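Structure file data.txt; described as compact mmCIF, C-alpha atoms.
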```txt
# COMPACT_ATOMS: atom_id res chain seq x y z
CA MET N 1 -26.32 3.94 2.07
CA ASP N 2 -28.34 6.06 4.51
CA ARG N 3 -26.56 9.29 5.45
CA ASN N 4 -27.33 8.84 9.15
CA LEU N 5 -25.71 5.41 9.16
CA ARG N 6 -22.64 6.65 7.29
CA ALA N 7 -22.14 9.39 9.84
CA PHE N 8 -22.70 7.04 12.75
CA LEU N 9 -20.28 4.43 11.44
CA SER N 10 -17.59 7.01 10.76
CA VAL N 11 -17.84 8.60 14.22
CA ALA N 12 -17.96 5.15 15.88
CA ARG N 13 -14.77 4.07 14.10
CA LYS N 14 -12.86 7.34 14.30
CA GLY N 15 -13.98 8.35 17.79
CA ASN N 16 -13.64 11.94 16.68
CA LEU N 17 -16.05 14.36 14.95
CA THR N 18 -13.33 16.17 13.01
CA ALA N 19 -11.86 12.95 11.57
CA ALA N 20 -15.35 11.63 10.76
CA SER N 21 -16.35 14.86 9.00
CA GLU N 22 -13.23 14.69 6.83
CA GLU N 23 -13.89 11.05 5.95
CA ILE N 24 -17.49 11.50 4.82
CA GLY N 25 -17.21 15.01 3.37
CA LEU N 26 -19.52 16.89 5.75
CA THR N 27 -18.81 19.78 8.07
CA GLN N 28 -18.37 19.01 11.75
CA PRO N 29 -21.62 20.78 12.71
CA ALA N 30 -23.46 18.73 10.06
CA VAL N 31 -22.07 15.48 11.47
CA THR N 32 -23.02 16.55 15.01
CA LYS N 33 -26.55 17.39 13.84
CA THR N 34 -26.83 14.06 11.99
CA ILE N 35 -25.79 12.06 15.06
CA ARG N 36 -28.23 14.00 17.26
CA ARG N 37 -31.03 13.37 14.75
CA LEU N 38 -30.25 9.63 14.69
CA GLU N 39 -30.23 9.45 18.50
CA SER N 40 -33.56 11.30 18.57
CA GLU N 41 -35.08 8.83 16.09
CA LEU N 42 -33.84 5.89 18.17
CA GLY N 43 -34.84 7.46 21.47
CA ALA N 44 -31.45 6.73 23.01
CA GLU N 45 -27.95 8.16 23.16
CA LEU N 46 -25.31 6.14 21.36
CA PHE N 47 -22.10 7.85 22.47
CA MET N 48 -20.29 8.95 25.59
CA ARG N 49 -19.00 12.45 24.83
CA THR N 50 -15.69 13.30 26.50
CA ALA N 51 -12.89 15.81 26.03
CA ARG N 52 -10.88 13.01 24.39
CA GLY N 53 -13.54 12.17 21.83
CA MET N 54 -16.77 10.23 21.35
CA PHE N 55 -16.99 6.62 22.45
CA LEU N 56 -19.83 4.14 22.01
CA ASN N 57 -21.89 3.32 25.06
CA ASP N 58 -23.52 -0.10 25.46
CA THR N 59 -26.52 0.93 23.35
CA GLY N 60 -24.20 2.30 20.69
CA LYS N 61 -22.20 -0.93 20.60
CA ARG N 62 -25.38 -2.93 19.99
CA PHE N 63 -26.49 -0.49 17.30
CA LEU N 64 -23.04 -0.71 15.68
CA GLN N 65 -23.52 -4.44 15.06
CA ARG N 66 -26.79 -3.74 13.23
CA ALA N 67 -25.34 -0.80 11.32
CA GLU N 68 -22.35 -2.82 10.14
CA ALA N 69 -24.67 -5.60 8.98
CA ILE N 70 -26.65 -3.04 6.95
CA GLU N 71 -23.39 -1.62 5.56
CA ASN N 72 -22.28 -5.10 4.50
CA GLN N 73 -25.60 -5.85 2.81
CA TYR N 74 -25.44 -2.54 0.93
CA ARG N 75 -21.87 -3.29 -0.18
CA PHE N 76 -22.84 -6.81 -1.25
CA ALA N 77 -25.77 -5.45 -3.29
CA VAL N 78 -23.59 -2.91 -5.10
CA GLU N 79 -20.98 -5.56 -5.89
CA GLU N 80 -23.59 -8.05 -7.06
CA MET N 81 -25.03 -5.52 -9.52
CA ALA N 82 -21.55 -4.82 -10.91
CA ALA N 83 -20.79 -8.54 -11.20
CA GLU N 84 -24.07 -9.19 -13.00
CA ARG N 85 -23.06 -6.62 -15.62
CA ARG N 86 -19.90 -8.72 -16.11
CA GLN N 87 -17.70 -5.76 -15.29
CA GLU N 88 -13.96 -6.29 -15.21
CA LYS N 89 -12.48 -5.73 -11.76
CA ALA N 90 -9.87 -2.99 -11.60
CA ILE N 91 -8.07 -4.67 -8.67
CA LEU N 92 -8.21 -8.25 -7.40
CA ARG N 93 -6.77 -8.74 -3.92
CA ILE N 94 -5.88 -12.28 -2.82
CA VAL N 95 -4.64 -13.56 0.53
CA ALA N 96 -2.85 -16.92 0.51
CA GLY N 97 -2.55 -19.07 3.62
CA VAL N 98 0.41 -21.36 4.31
CA ALA N 99 -0.86 -24.31 2.27
CA TYR N 100 -0.84 -22.14 -0.87
CA GLN N 101 2.53 -20.44 -0.41
CA SER N 102 4.60 -23.22 -2.01
CA GLY N 103 3.72 -22.09 -5.52
CA LEU N 104 -0.03 -22.60 -5.87
CA ALA N 105 -0.91 -18.95 -5.24
CA ALA N 106 1.90 -17.70 -7.50
CA ARG N 107 0.76 -19.94 -10.36
CA LEU N 108 -2.82 -18.76 -9.85
CA VAL N 109 -1.98 -15.06 -10.14
CA SER N 110 0.38 -15.63 -13.06
CA GLN N 111 -2.35 -17.35 -15.07
CA LEU N 112 -4.97 -14.80 -14.08
CA HIS N 113 -2.68 -11.96 -15.14
CA SER N 114 -2.17 -13.51 -18.57
CA GLU N 115 -5.94 -13.83 -19.07
CA PHE N 116 -7.00 -10.55 -17.43
CA PRO N 117 -4.14 -8.15 -18.23
CA HIS N 118 -6.13 -5.02 -17.36
CA THR N 119 -6.77 -6.13 -13.76
CA MET N 120 -4.20 -5.26 -11.11
CA ILE N 121 -3.68 -8.37 -8.97
CA GLU N 122 -2.33 -8.09 -5.45
CA LEU N 123 -1.16 -11.21 -3.61
CA ARG N 124 -0.13 -11.35 0.02
CA ALA N 125 0.61 -14.10 2.50
CA ASP N 126 -1.44 -14.07 5.68
CA LEU N 127 -3.70 -16.15 7.90
CA LEU N 128 -7.45 -16.64 7.79
CA ALA N 129 -8.44 -15.26 11.20
CA PRO N 130 -7.06 -11.73 10.85
CA THR N 131 -8.12 -11.35 7.20
CA ARG N 132 -11.72 -12.59 7.28
CA PRO N 133 -13.04 -9.18 8.43
CA GLU N 134 -11.22 -7.61 5.45
CA LEU N 135 -13.08 -9.98 3.13
CA MET N 136 -16.39 -8.89 4.65
CA ARG N 137 -15.50 -5.21 4.19
CA GLY N 138 -14.49 -5.72 0.55
CA GLU N 139 -10.83 -4.88 1.20
CA ILE N 140 -9.75 -8.27 -0.17
CA ASP N 141 -11.56 -10.52 -2.64
CA LEU N 142 -10.31 -14.08 -2.08
CA ILE N 143 -8.82 -15.92 0.86
CA LEU N 144 -7.03 -19.22 0.32
CA GLY N 145 -6.99 -20.93 3.69
CA ALA N 146 -8.37 -23.43 6.14
CA LEU N 147 -12.12 -24.00 6.07
CA VAL N 148 -12.62 -23.66 9.82
CA GLY N 149 -15.84 -22.37 11.31
CA ALA N 150 -19.06 -21.43 9.57
CA PRO N 151 -18.74 -18.59 7.05
CA PRO N 152 -20.55 -15.38 8.03
CA GLU N 153 -23.59 -14.21 6.09
CA GLY N 154 -22.65 -13.16 2.58
CA ILE N 155 -19.51 -15.32 2.46
CA VAL N 156 -19.27 -18.74 0.78
CA THR N 157 -16.52 -21.32 0.85
CA HIS N 158 -15.23 -23.68 -1.84
CA PRO N 159 -13.17 -26.74 -0.79
CA LEU N 160 -9.99 -27.39 -2.74
CA LEU N 161 -7.77 -29.83 -0.86
CA SER N 162 -7.14 -31.70 2.37
CA ALA N 163 -4.05 -30.58 4.25
CA ASN N 164 -2.11 -32.20 7.07
CA VAL N 165 0.02 -30.37 9.61
CA VAL N 166 3.40 -32.09 9.90
CA VAL N 167 6.69 -31.34 11.68
CA PHE N 168 9.91 -30.27 9.94
CA ALA N 169 13.44 -30.39 11.36
CA GLY N 170 16.76 -29.13 10.03
CA PRO N 171 20.20 -30.80 9.95
CA LEU N 172 21.18 -29.25 13.30
CA SER N 173 18.27 -30.88 15.10
CA PRO N 174 19.04 -34.04 17.14
CA LEU N 175 15.90 -35.56 15.60
CA TYR N 176 16.95 -35.01 11.99
CA GLU N 177 18.41 -38.48 11.41
CA ARG N 178 16.02 -40.40 13.66
CA GLN N 179 14.00 -43.10 11.91
CA ASN N 180 11.40 -43.36 14.66
CA VAL N 181 10.10 -40.18 16.26
CA THR N 182 7.20 -39.62 18.63
CA LEU N 183 5.70 -36.28 19.59
CA ALA N 184 7.13 -36.78 23.07
CA ASP N 185 10.62 -36.82 21.51
CA THR N 186 10.08 -33.23 20.36
CA ALA N 187 9.50 -31.93 23.91
CA PRO N 188 13.12 -30.76 24.51
CA CYS N 189 13.19 -28.88 21.18
CA PRO N 190 12.36 -25.21 20.62
CA TRP N 191 9.62 -24.34 18.12
CA VAL N 192 9.20 -21.53 15.60
CA THR N 193 5.69 -20.56 14.49
CA LEU N 194 4.12 -18.02 12.19
CA HIS N 195 3.37 -14.64 13.71
CA ARG N 196 -0.32 -14.41 14.74
CA ASP N 197 -0.86 -18.13 14.06
CA ASP N 198 -2.62 -18.71 17.36
CA HIS N 199 -4.48 -21.71 15.95
CA THR N 200 -1.33 -23.75 15.26
CA ALA N 201 0.25 -22.76 18.58
CA GLY N 202 -2.95 -23.71 20.40
CA ARG N 203 -3.25 -27.07 18.66
CA LEU N 204 0.40 -27.84 19.45
CA ARG N 205 -0.13 -26.98 23.12
CA ARG N 206 -3.18 -29.23 23.28
CA ALA N 207 -1.27 -32.10 21.67
CA TYR N 208 1.46 -31.74 24.31
CA ASP N 209 -1.14 -31.50 27.06
CA ASP N 210 -2.81 -34.73 25.86
CA LEU N 211 0.55 -36.46 26.41
CA ARG N 212 0.95 -34.75 29.81
CA LEU N 213 4.02 -32.92 28.56
CA GLN N 214 5.16 -29.46 29.56
CA PRO N 215 3.95 -26.78 27.09
CA PRO N 216 6.00 -26.57 23.88
CA ARG N 217 8.87 -24.06 23.91
CA ILE N 218 7.58 -21.57 21.33
CA GLY N 219 10.23 -18.89 21.52
CA LEU N 220 10.42 -17.77 17.90
CA THR N 221 7.87 -16.34 15.47
CA ALA N 222 8.22 -15.15 11.88
CA HIS N 223 5.93 -13.33 9.47
CA ALA N 224 6.33 -15.74 6.53
CA ILE N 225 6.56 -19.51 6.22
CA GLU N 226 9.81 -19.16 4.28
CA ALA N 227 11.35 -17.37 7.27
CA CYS N 228 10.15 -20.13 9.61
CA LEU N 229 11.76 -22.75 7.40
CA ASP N 230 14.99 -20.75 7.13
CA ILE N 231 15.21 -20.53 10.93
CA VAL N 232 14.68 -24.29 11.22
CA ALA N 233 17.39 -24.89 8.62
CA ASN N 234 19.90 -22.95 10.72
CA SER N 235 18.98 -24.00 14.25
CA THR N 236 17.70 -26.88 16.37
CA ALA N 237 14.15 -25.48 16.23
CA LEU N 238 11.20 -27.38 14.78
CA THR N 239 8.19 -26.00 12.97
CA ALA N 240 4.70 -27.33 12.25
CA ALA N 241 3.31 -26.53 8.81
CA ALA N 242 0.80 -27.77 6.26
CA ASP N 243 2.27 -30.50 4.08
CA PRO N 244 1.89 -28.64 0.74
CA VAL N 245 4.94 -26.58 1.81
CA ARG N 246 7.04 -29.77 1.79
CA SER N 247 8.79 -28.67 -1.41
CA LEU N 248 9.89 -25.40 0.22
CA ALA N 249 11.18 -27.37 3.21
CA HIS N 250 13.14 -29.80 1.04
CA GLU N 251 14.76 -26.91 -0.85
CA ARG N 252 16.24 -25.83 2.48
CA GLY N 253 17.45 -29.30 3.41
CA LEU N 254 14.71 -29.89 5.98
CA ARG N 255 13.22 -33.27 6.76
CA GLN N 256 9.66 -34.11 7.67
CA LEU N 257 9.83 -36.02 10.93
CA PRO N 258 8.39 -39.56 10.63
CA LEU N 259 5.63 -39.23 13.21
CA ALA N 260 2.99 -41.96 13.24
CA ALA N 261 0.30 -39.49 12.16
CA PRO N 262 0.02 -35.80 11.28
CA LEU N 263 -0.48 -33.40 14.17
CA TRP N 264 -3.91 -32.68 12.73
CA SER N 265 -5.69 -32.46 9.37
CA PHE N 266 -8.07 -29.90 7.92
CA GLU N 267 -10.01 -29.04 4.79
CA SER N 268 -8.73 -26.03 2.90
CA GLY N 269 -10.08 -23.89 0.13
CA LEU N 270 -11.53 -20.56 -0.93
CA TRP N 271 -13.42 -17.94 1.07
CA ILE N 272 -15.32 -15.62 -1.29
CA ARG N 273 -18.07 -13.02 -1.08
CA LYS N 274 -21.18 -14.51 -2.67
CA SER N 275 -21.86 -11.14 -4.30
CA SER N 276 -18.58 -11.35 -6.27
CA LEU N 277 -19.19 -14.74 -7.88
CA GLY N 278 -20.50 -13.19 -11.11
CA TYR N 279 -17.18 -11.54 -11.96
CA PRO N 280 -15.45 -13.45 -14.79
CA ILE N 281 -12.07 -13.21 -13.05
CA ILE N 282 -13.51 -14.76 -9.87
CA GLN N 283 -15.09 -17.59 -11.83
CA ARG N 284 -11.80 -18.20 -13.63
CA ALA N 285 -9.83 -18.14 -10.37
CA ILE N 286 -12.00 -20.96 -9.04
CA GLU N 287 -11.47 -23.00 -12.22
CA ILE N 288 -7.69 -22.50 -12.14
CA LEU N 289 -7.46 -23.45 -8.47
CA GLU N 290 -9.47 -26.60 -9.10
CA GLU N 291 -6.95 -27.59 -11.78
CA LEU N 292 -3.92 -26.72 -9.63
CA CYS N 293 -5.17 -28.50 -6.52
CA SER N 294 -6.50 -31.61 -8.24
CA PRO N 295 -3.13 -33.48 -8.13
CA LEU N 296 -2.81 -32.70 -4.41
CA ARG N 297 -6.16 -34.16 -3.36
CA ASP N 298 -6.10 -37.36 -1.38
CA GLU N 299 -2.27 -37.53 -1.36
CA ASN N 300 -0.81 -39.69 1.37
CA TRP N 301 0.41 -37.34 4.10
CA SER N 302 3.75 -39.04 4.51
```
Could you write out this file's structure as structure tokens?
Amino acid sequence: MDRNLRAFLSVARKGNLTAASEEIGLTQPAVTKTIRRLESELGAELFMRTARGMFLNDTGKRFLQRAEAIENQYRFAVEEMAAERRQEKAILRIVAGVAYQSGLAARLVSQLHSEFPHTMIELRADLLAPTRPELMRGEIDLILGALVGAPPEGIVTHPLLSANVVVFAGPLSPLYERQNVTLADTAPCPWVTLHRDDHTAGRLRRAYDDLRLQPPRIGLTAHAIEACLDIVANSTALTAAADPVRSLAHERGLRQLPLAAPLWSFESGLWIRKSSLGYPIIQRAIEILEELCSPLRDENWS
């Protein structure tokens, strides 16, 4: 990638010439000269220079968007060339959303490891929104999650299953034994949600608002779905989760409340960089997921 752009991106992200020079392997005077040359070529200053560091001005912020797009295209091109040569990936990083944390993701990586023993496979649980930028930057390779919103340029999606968000209660909940439950019945109950899962919290608030109820009492958050379910099992709290985690809930003695309909439904699947599709391990991951998710397609939500 162009040396001027590398220097600009590093200074923009670090906000400091010394840190940027260390990152890109140039002396501080060389980085300063490079930034000045770029600003001269553009005919505009890009940074506000202060005693605390260098910060993008409005022009710099606009240029950053273009520079990051160029950086992404360069990264995609390099990856595409490697994939076309059928190279084996040294590391495959996968992020699994809630719908895949009941065993699907674990079975995927187990089978991939047996077929590609020389590839280090890293699996972590997380949500789509905070990890999509990591996919763009090449820091992760696959996201298993909800197919919400249009994928950015260079990213493709692959549908795998339809998921429904349902409500789980534990034995201590007054709703646990109820045979008929409406969403209004849940209003007095506290809720536990996943940390950073603003989408679920927002959808739950809107559902309450549609019924003219007070906002749901979301007073607990946890970093993993297992922790959410454990809290529900030992308290009166409720949680809303995708129905593929039903097996995890049942292991903890939880019950899916018999609401008339799911809170909402969504399509779920893979987010992948288009440039990585030529890697054999990526192609095989798609095939394995198709096989694993096939029995779950079109299941009745209840």
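The space separating CA of Ile281 (chain N) from CA of Ala224 (chain N) comes to 27.0 Å.
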message: Please report the interatomic distance between CA of Ile91 (chain N) and CA of Leu112 (chain N) in Å with one decimal.
response: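 Going from CA of Ile91 (chain N) over to CA of Leu112 (chain N), I get 11.9 Å.
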task: For region 162-168 of chain N, list every protein, DNA or RNA residue within 8 Å, evaluated using all atoms listed in the file, and leave out those in the same chain fewer than 6 positions away; present the list as a PyMOL selection string.
output: chain N and resi 99+232+238-244+249+254-257+262-268+297-298+301
Tell me, as a compact mmCIF listing (two decimals) with C-alpha atoms, keeping the file's coordinate frame, which residues lie within 8 Å of Leu220 (chain N), counting only C-alpha atoms; anything in the same chain fewer than 2 positions away does not count.
```
# COMPACT_ATOMS: atom_id res chain seq x y z
CA TRP N 191 9.62 -24.34 18.12
CA VAL N 192 9.20 -21.53 15.60
CA THR N 193 5.69 -20.56 14.49
CA ILE N 218 7.58 -21.57 21.33
CA ALA N 222 8.22 -15.15 11.88
```
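Picture a line from CA of Tyr208 (chain N) to CA of Cys189 (chain N); it runs 12.5 Å.
Closest approach to Gly170 (chain N) among N:Pro152, N:Gly278, N:Gly53, N:Gly253: N:Gly253, based on all atoms listed in the file.
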message: When you count all atoms listed in the file, which of these residues is closest to Tyr74 (chain N): N:Ala233, N:Met136, N:Leu204, N:Leu213?
response: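 That would be N:Met136, the residue with the smallest distance to Tyr74 (chain N).
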field: Best match for closeness to Leu172 (chain N) among N:Leu128, N:Ala260, N:Ile231, N:Val95, counting all atoms listed in the file
entry: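 The shortest atom-to-atom distance to Leu172 (chain N) comes from N:Ile231.
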message: I need the residue nearest Arg93 (chain N) from this list: N:Leu123, N:Ile155, N:Ala12, N:Leu292. Use only C-alpha atoms for the distance.
response: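 Counting only C-alpha atoms, the residue closest to Arg93 (chain N) is N:Leu123.
Distances to Leu135 (chain N) were evaluated for N:Asn57, N:Ser110, N:Asn72, N:Asn16 using only C-alpha atoms, and the minimum falls at N:Asn72.
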Got a sec: who's within 12 Å of Ser276 (chain N), counting all atoms listed in the file, leaving out chain neighbours fewer than 4 positions off, as a tab-separated table (two decimals) with C-alpha atoms, in the frame of the given file?
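Output file part39.tsv follows:
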```
chain	number	residue	atom	x	y	z
N	75	ARG	CA	-21.87	-3.29	-0.18
N	76	PHE	CA	-22.84	-6.81	-1.25
N	77	ALA	CA	-25.77	-5.45	-3.29
N	78	VAL	CA	-23.59	-2.91	-5.10
N	79	GLU	CA	-20.98	-5.56	-5.89
N	80	GLU	CA	-23.59	-8.05	-7.06
N	81	MET	CA	-25.03	-5.52	-9.52
N	82	ALA	CA	-21.55	-4.82	-10.91
N	83	ALA	CA	-20.79	-8.54	-11.20
N	84	GLU	CA	-24.07	-9.19	-13.00
N	85	ARG	CA	-23.06	-6.62	-15.62
N	86	ARG	CA	-19.90	-8.72	-16.11
N	87	GLN	CA	-17.70	-5.76	-15.29
N	88	GLU	CA	-13.96	-6.29	-15.21
N	89	LYS	CA	-12.48	-5.73	-11.76
N	92	LEU	CA	-8.21	-8.25	-7.40
N	135	LEU	CA	-13.08	-9.98	3.13
N	136	MET	CA	-16.39	-8.89	4.65
N	138	GLY	CA	-14.49	-5.72	0.55
N	140	ILE	CA	-9.75	-8.27	-0.17
N	141	ASP	CA	-11.56	-10.52	-2.64
N	142	LEU	CA	-10.31	-14.08	-2.08
N	154	GLY	CA	-22.65	-13.16	2.58
N	155	ILE	CA	-19.51	-15.32	2.46
N	156	VAL	CA	-19.27	-18.74	0.78
N	271	TRP	CA	-13.42	-17.94	1.07
N	272	ILE	CA	-15.32	-15.62	-1.29
N	280	PRO	CA	-15.45	-13.45	-14.79
N	281	ILE	CA	-12.07	-13.21	-13.05
N	282	ILE	CA	-13.51	-14.76	-9.87
N	283	GLN	CA	-15.09	-17.59	-11.83
N	285	ALA	CA	-9.83	-18.14	-10.37
N	286	ILE	CA	-12.00	-20.96	-9.04
```
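Counting all atoms listed in the file and comparing N:Leu46, N:Leu64, N:Ala69, N:Leu161, the residue that lies closest to Ser294 (chain N) is N:Leu161.
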Find the spatial neighbours of Pro258 (chain N), counting only C-alpha atoms, within a cut-off of 12 Å - ignore same-chain residues fewer than 6 positions away - and output them as a PDB file with C-alpha atoms, keeping the file's coordinate frame.
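After the write, result-v2.pdb holds the following:
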```
ATOM      1  CA  VAL N 166       3.400 -32.090   9.900  1.00  0.00           C
ATOM      2  CA  VAL N 167       6.690 -31.340  11.680  1.00  0.00           C
ATOM      3  CA  PHE N 168       9.910 -30.270   9.940  1.00  0.00           C
ATOM      4  CA  ALA N 169      13.440 -30.390  11.360  1.00  0.00           C
ATOM      5  CA  LEU N 175      15.900 -35.560  15.600  1.00  0.00           C
ATOM      6  CA  TYR N 176      16.950 -35.010  11.990  1.00  0.00           C
ATOM      7  CA  GLU N 177      18.410 -38.480  11.410  1.00  0.00           C
ATOM      8  CA  ARG N 178      16.020 -40.400  13.660  1.00  0.00           C
ATOM      9  CA  GLN N 179      14.000 -43.100  11.910  1.00  0.00           C
ATOM     10  CA  ASN N 180      11.400 -43.360  14.660  1.00  0.00           C
ATOM     11  CA  VAL N 181      10.100 -40.180  16.260  1.00  0.00           C
ATOM     12  CA  THR N 182       7.200 -39.620  18.630  1.00  0.00           C
ATOM     13  CA  LEU N 183       5.700 -36.280  19.590  1.00  0.00           C
ATOM     14  CA  ASP N 185      10.620 -36.820  21.510  1.00  0.00           C
ATOM     15  CA  THR N 186      10.080 -33.230  20.360  1.00  0.00           C
ATOM     16  CA  TRP N 301       0.410 -37.340   4.100  1.00  0.00           C
ATOM     17  CA  SER N 302       3.750 -39.040   4.510  1.00  0.00           C
TER      18      SER N 302
END
```
Leu104 (chain N): which residues within 8 Å, counting all atoms listed in the file, same-chain residues fewer than 2 positions away excluded, as a short mmCIF file (atom, residue, chain, number, x, y, z; two decimals) with C-alpha atoms, in the coordinates of the input?
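Ended up saving to around.cif:
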```
data_model
loop_
_atom_site.label_atom_id
_atom_site.label_comp_id
_atom_site.auth_asym_id
_atom_site.auth_seq_id
_atom_site.Cartn_x
_atom_site.Cartn_y
_atom_site.Cartn_z
CA TYR N 100 -0.84 -22.14 -0.87
CA GLN N 101 2.53 -20.44 -0.41
CA SER N 102 4.60 -23.22 -2.01
CA ALA N 106 1.90 -17.70 -7.50
CA ARG N 107 0.76 -19.94 -10.36
CA LEU N 108 -2.82 -18.76 -9.85
CA LEU N 289 -7.46 -23.45 -8.47
CA LEU N 292 -3.92 -26.72 -9.63
CA CYS N 293 -5.17 -28.50 -6.52
#
```
